[in-house]
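Right, one structure below, let's go through it.
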Amino acid sequence: MGLLGLANQVCRDTVEENDVPPTLHWDAFAALYIGSMEGISRDDVTDDGYMMWSLAANRARNFNTQTDQFTAIINEEMMDLLFAGQAELERNDCDSFDKTFSRVLHLLLLPLIQSTIWYAIRNEDAATDDTDMAIGQVMALSVLPIVQKFEPNAASAIERNMLMVDGEFQSPVFEGAQTVANAFGPIFDNLGWDCEYVGQADGVEACQEATYSNSISGIPTYVALMVMVVFGVIIGLVLFLKFVQIVRRKSMKKEVELGRASFAASIASSNSEMGNIVLVDELPSPRMISNGHNKTLSSANDLEHEVI
């Protein structure tokens, strides 16, 4: 992690006499993460390495978090981030590198968290002098400061089950491996992980009781999102049906208007054929022009008799 910090610092360093390129520290981090025994192909899935790359590959098999090519999901993303960070440092794009740098730091914790859960599973029924107990404690200690920062109660649960008391293990994982896994749940959203990154092993799943910091009224984020999506679909459907109803009403109104116009045209045509009757509004009283003769109609009865 120190090499990552140096790369970020040198990228923003304005001192001209500093001739150390930031990519030097970034490449050194890549070498330490992958190691020298993994070969030159990213598809090599052997167990030769001893660094974080190999640890991530092993935990990916345990927790079923592999790609279709049987490589760890985290290693695939880490390779993409390493190439992206190198390009950003070469063009001195420090703002973009900040995001890459932060994502790499968060991904580094994943194999350590998976390993802590894995050894909680292995040590649930183990003897107190088992070697796996010591490995589990080392893994737990590597992530406890991070868990303590986000969720002190969860850190206490990990300590009770994974660490020695007075120099010896009293009751290893006495609350069960699932309790240890649940302790990591509250920090996943802070680290930007989906549950697919963590996976599950031997029926133990870290996302089983995860609660997230940006939850709505205590509801986990993914539940809130599902509710919002369903609500949005319902609202969209209602608006669509309302729109269809309005379109239909306009169409029916247009049809009625066309029908009225057609009916009026038919009446006019019939009147023309019957006697060429024309009403003139400008005259003081209605007049009828029929066959070239004008007559003043003093009443409706006169109009009736005249038409007849």
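We label chains A, B, ... in the order they appear in the structure tokens, count residues from 1 in each chain, and number ligands from 1 in the order shown.
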
Open item on the list: Please list as a ChimeraX atom specification every residue within 9 Å of Cys94 (chain A), counting only C-alpha atoms and excluding residues in the same chain fewer than 3 positions away.
Closed with: /A:8,11-12,88-89,91,97-98

Find the residues near Gln86 (chain A): any atom within 8 Å, counting only C-alpha atoms, skip ones fewer than 4 places away on the same chain, and give them as a list of chain:residue names.
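Result of the neighbour search: A:Thr23, A:Trp26, A:Asp27, A:Leu82, A:Glu90.
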
Preceding selection exported with N, CA and C atoms as a short mmCIF file (atom, residue, chain, number, x, y, z; two decimals), in the first residue's frame:
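Result file is out_39.cif:
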data_model
loop_
_atom_site.label_atom_id
_atom_site.label_comp_id
_atom_site.auth_asym_id
_atom_site.auth_seq_id
_atom_site.Cartn_x
_atom_site.Cartn_y
_atom_site.Cartn_z
N THR A 23 5.32 5.95 -12.39
CA THR A 23 5.09 4.59 -12.88
C THR A 23 6.05 3.58 -12.26
N TRP A 26 4.31 2.34 -9.24
CA TRP A 26 3.14 1.57 -9.66
C TRP A 26 3.53 0.19 -10.18
N ASP A 27 4.61 0.13 -10.96
CA ASP A 27 5.08 -1.15 -11.48
C ASP A 27 5.61 -2.03 -10.34
N LEU A 82 -4.45 -2.08 -13.18
CA LEU A 82 -3.00 -1.87 -13.28
C LEU A 82 -2.64 -1.21 -14.63
N GLU A 90 1.35 7.92 -16.83
CA GLU A 90 2.21 8.34 -17.94
C GLU A 90 1.76 9.67 -18.54
#

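Residue nearest Ile146 (chain A) within the list A:Val20, A:Ile246, A:Met51, A:Ala183: A:Ala183 [criterion: smallest interatomic distance, only C-alpha atoms].
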
- Show which residues sit within 12 Å of Lys149 (chain A), as a ChimeraX atom specification. Count only C-alpha atoms, and ignore same-chain residues fewer than 4 positions away. /A:143-145,153-156,184,186-187,190

Here CA of Leu32 (chain A) and CA of Cys195 (chain A) stand apart by 26.7 Å

Spatial neighbours of Ser171 (chain A), 12 Å, only C-alpha atoms, chain gap at least 2 places, as a ChimeraX atom specification = /A:120,123-129,133,159-165,168-169,173-176

Selected residues, C-alpha atoms, written as a PDB file, in the first residue's frame, please.
ATOM      1  CA  ALA A 120     -13.297 -19.328  10.497  1.00  0.00           C
ATOM      2  CA  ASN A 123     -11.411 -23.614  12.669  1.00  0.00           C
ATOM      3  CA  GLU A 124     -15.015 -23.915  13.823  1.00  0.00           C
ATOM      4  CA  ASP A 125     -14.381 -27.461  15.065  1.00  0.00           C
ATOM      5  CA  ALA A 126     -10.574 -27.368  15.145  1.00  0.00           C
ATOM      6  CA  ALA A 127      -8.308 -28.071  18.092  1.00  0.00           C
ATOM      7  CA  THR A 128      -6.857 -25.043  19.848  1.00  0.00           C
ATOM      8  CA  ASP A 129      -3.312 -25.991  18.816  1.00  0.00           C
ATOM      9  CA  MET A 133      -5.842 -21.192  14.149  1.00  0.00           C
ATOM     10  CA  GLU A 159     -11.976 -10.584  17.752  1.00  0.00           C
ATOM     11  CA  ARG A 160     -14.031 -12.882  19.993  1.00  0.00           C
ATOM     12  CA  ASN A 161     -13.975 -15.709  17.499  1.00  0.00           C
ATOM     13  CA  MET A 162     -10.609 -15.413  15.745  1.00  0.00           C
ATOM     14  CA  LEU A 163      -8.021 -14.050  18.201  1.00  0.00           C
ATOM     15  CA  MET A 164      -6.137 -15.585  21.121  1.00  0.00           C
ATOM     16  CA  VAL A 165      -6.938 -14.530  24.678  1.00  0.00           C
ATOM     17  CA  GLU A 168      -3.972 -18.998  23.798  1.00  0.00           C
ATOM     18  CA  PHE A 169      -7.142 -19.825  21.931  1.00  0.00           C
ATOM     19  CA  VAL A 173     -15.032 -19.620  16.498  1.00  0.00           C
ATOM     20  CA  PHE A 174     -17.503 -20.426  19.291  1.00  0.00           C
ATOM     21  CA  GLU A 175     -20.243 -18.284  17.720  1.00  0.00           C
ATOM     22  CA  GLY A 176     -19.931 -19.992  14.359  1.00  0.00           C
TER      23      GLY A 176
END

DSSP strand (DSSP E) selection over region 23-234 of chain A, as an mmCIF file with N, CA and C atoms, in the first residue's frame:
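Produced file result-v4.cif, reproduced below:
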data_model
loop_
_atom_site.group_PDB
_atom_site.id
_atom_site.type_symbol
_atom_site.label_atom_id
_atom_site.label_comp_id
_atom_site.auth_asym_id
_atom_site.auth_seq_id
_atom_site.Cartn_x
_atom_site.Cartn_y
_atom_site.Cartn_z
ATOM 1 N N GLN A 200 -19.618 -17.385 -1.553
ATOM 2 C CA GLN A 200 -19.920 -18.187 -0.368
ATOM 3 C C GLN A 200 -19.113 -19.477 -0.400
ATOM 4 N N ALA A 201 -18.870 -20.023 0.770
ATOM 5 C CA ALA A 201 -18.094 -21.257 0.885
ATOM 6 C C ALA A 201 -18.704 -22.133 1.974
ATOM 7 N N VAL A 204 -21.567 -20.837 3.994
ATOM 8 C CA VAL A 204 -21.365 -19.585 4.739
ATOM 9 C C VAL A 204 -21.273 -18.444 3.733
ATOM 10 N N GLU A 205 -22.120 -17.440 3.917
ATOM 11 C CA GLU A 205 -22.203 -16.336 2.963
ATOM 12 C C GLU A 205 -22.111 -15.012 3.705
#

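Closest to Leu55 (chain A) among A:Leu81, A:Ala72, A:Ser251, A:Gln170 is A:Ala72, based on only C-alpha atoms.
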
Hey, what does DSSP flag as helix (DSSP H, G or I) within region 43-232 of chain A? Can you give it to me as a ChimeraX atom specification?
-> /A:52-63,73-90,94-123,131-150,152-162,177-191,195-198,221-232

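In terms of minimum interatomic distance to Gln114 (chain A), A:Ser142 ranks closest within A:Ser266, A:Ser142, A:Ser102, A:Thr131, counting only C-alpha atoms.
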
Practice item. Extract, using only C-alpha atoms, all DNA, RNA and protein residues at most 6 Å from Ala206 (chain A), discarding same-chain residues fewer than 3 positions from it, and format them as a ChimeraX atom specification. Key: /A:181-182,185

task: Please provide the set of residues having any atom within 12 Å of region 58-69 of chain A, restricted to only C-alpha atoms, with same-chain residues fewer than 4 positions apart removed, written as a PyMOL selection string.
output: chain A and resi 42-54+73-77+110-119+121-122+194-206

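By chain and then residue number, the residues within 8 Å of Gly192 (chain A) are A:His106, A:Phe188, A:Asp189, counting only C-alpha atoms and disregarding those fewer than 3 positions away in sequence.
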
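Of note, CA of Met252 (chain A) and CA of Ile234 (chain A) are spaced 27.0 Å apart.
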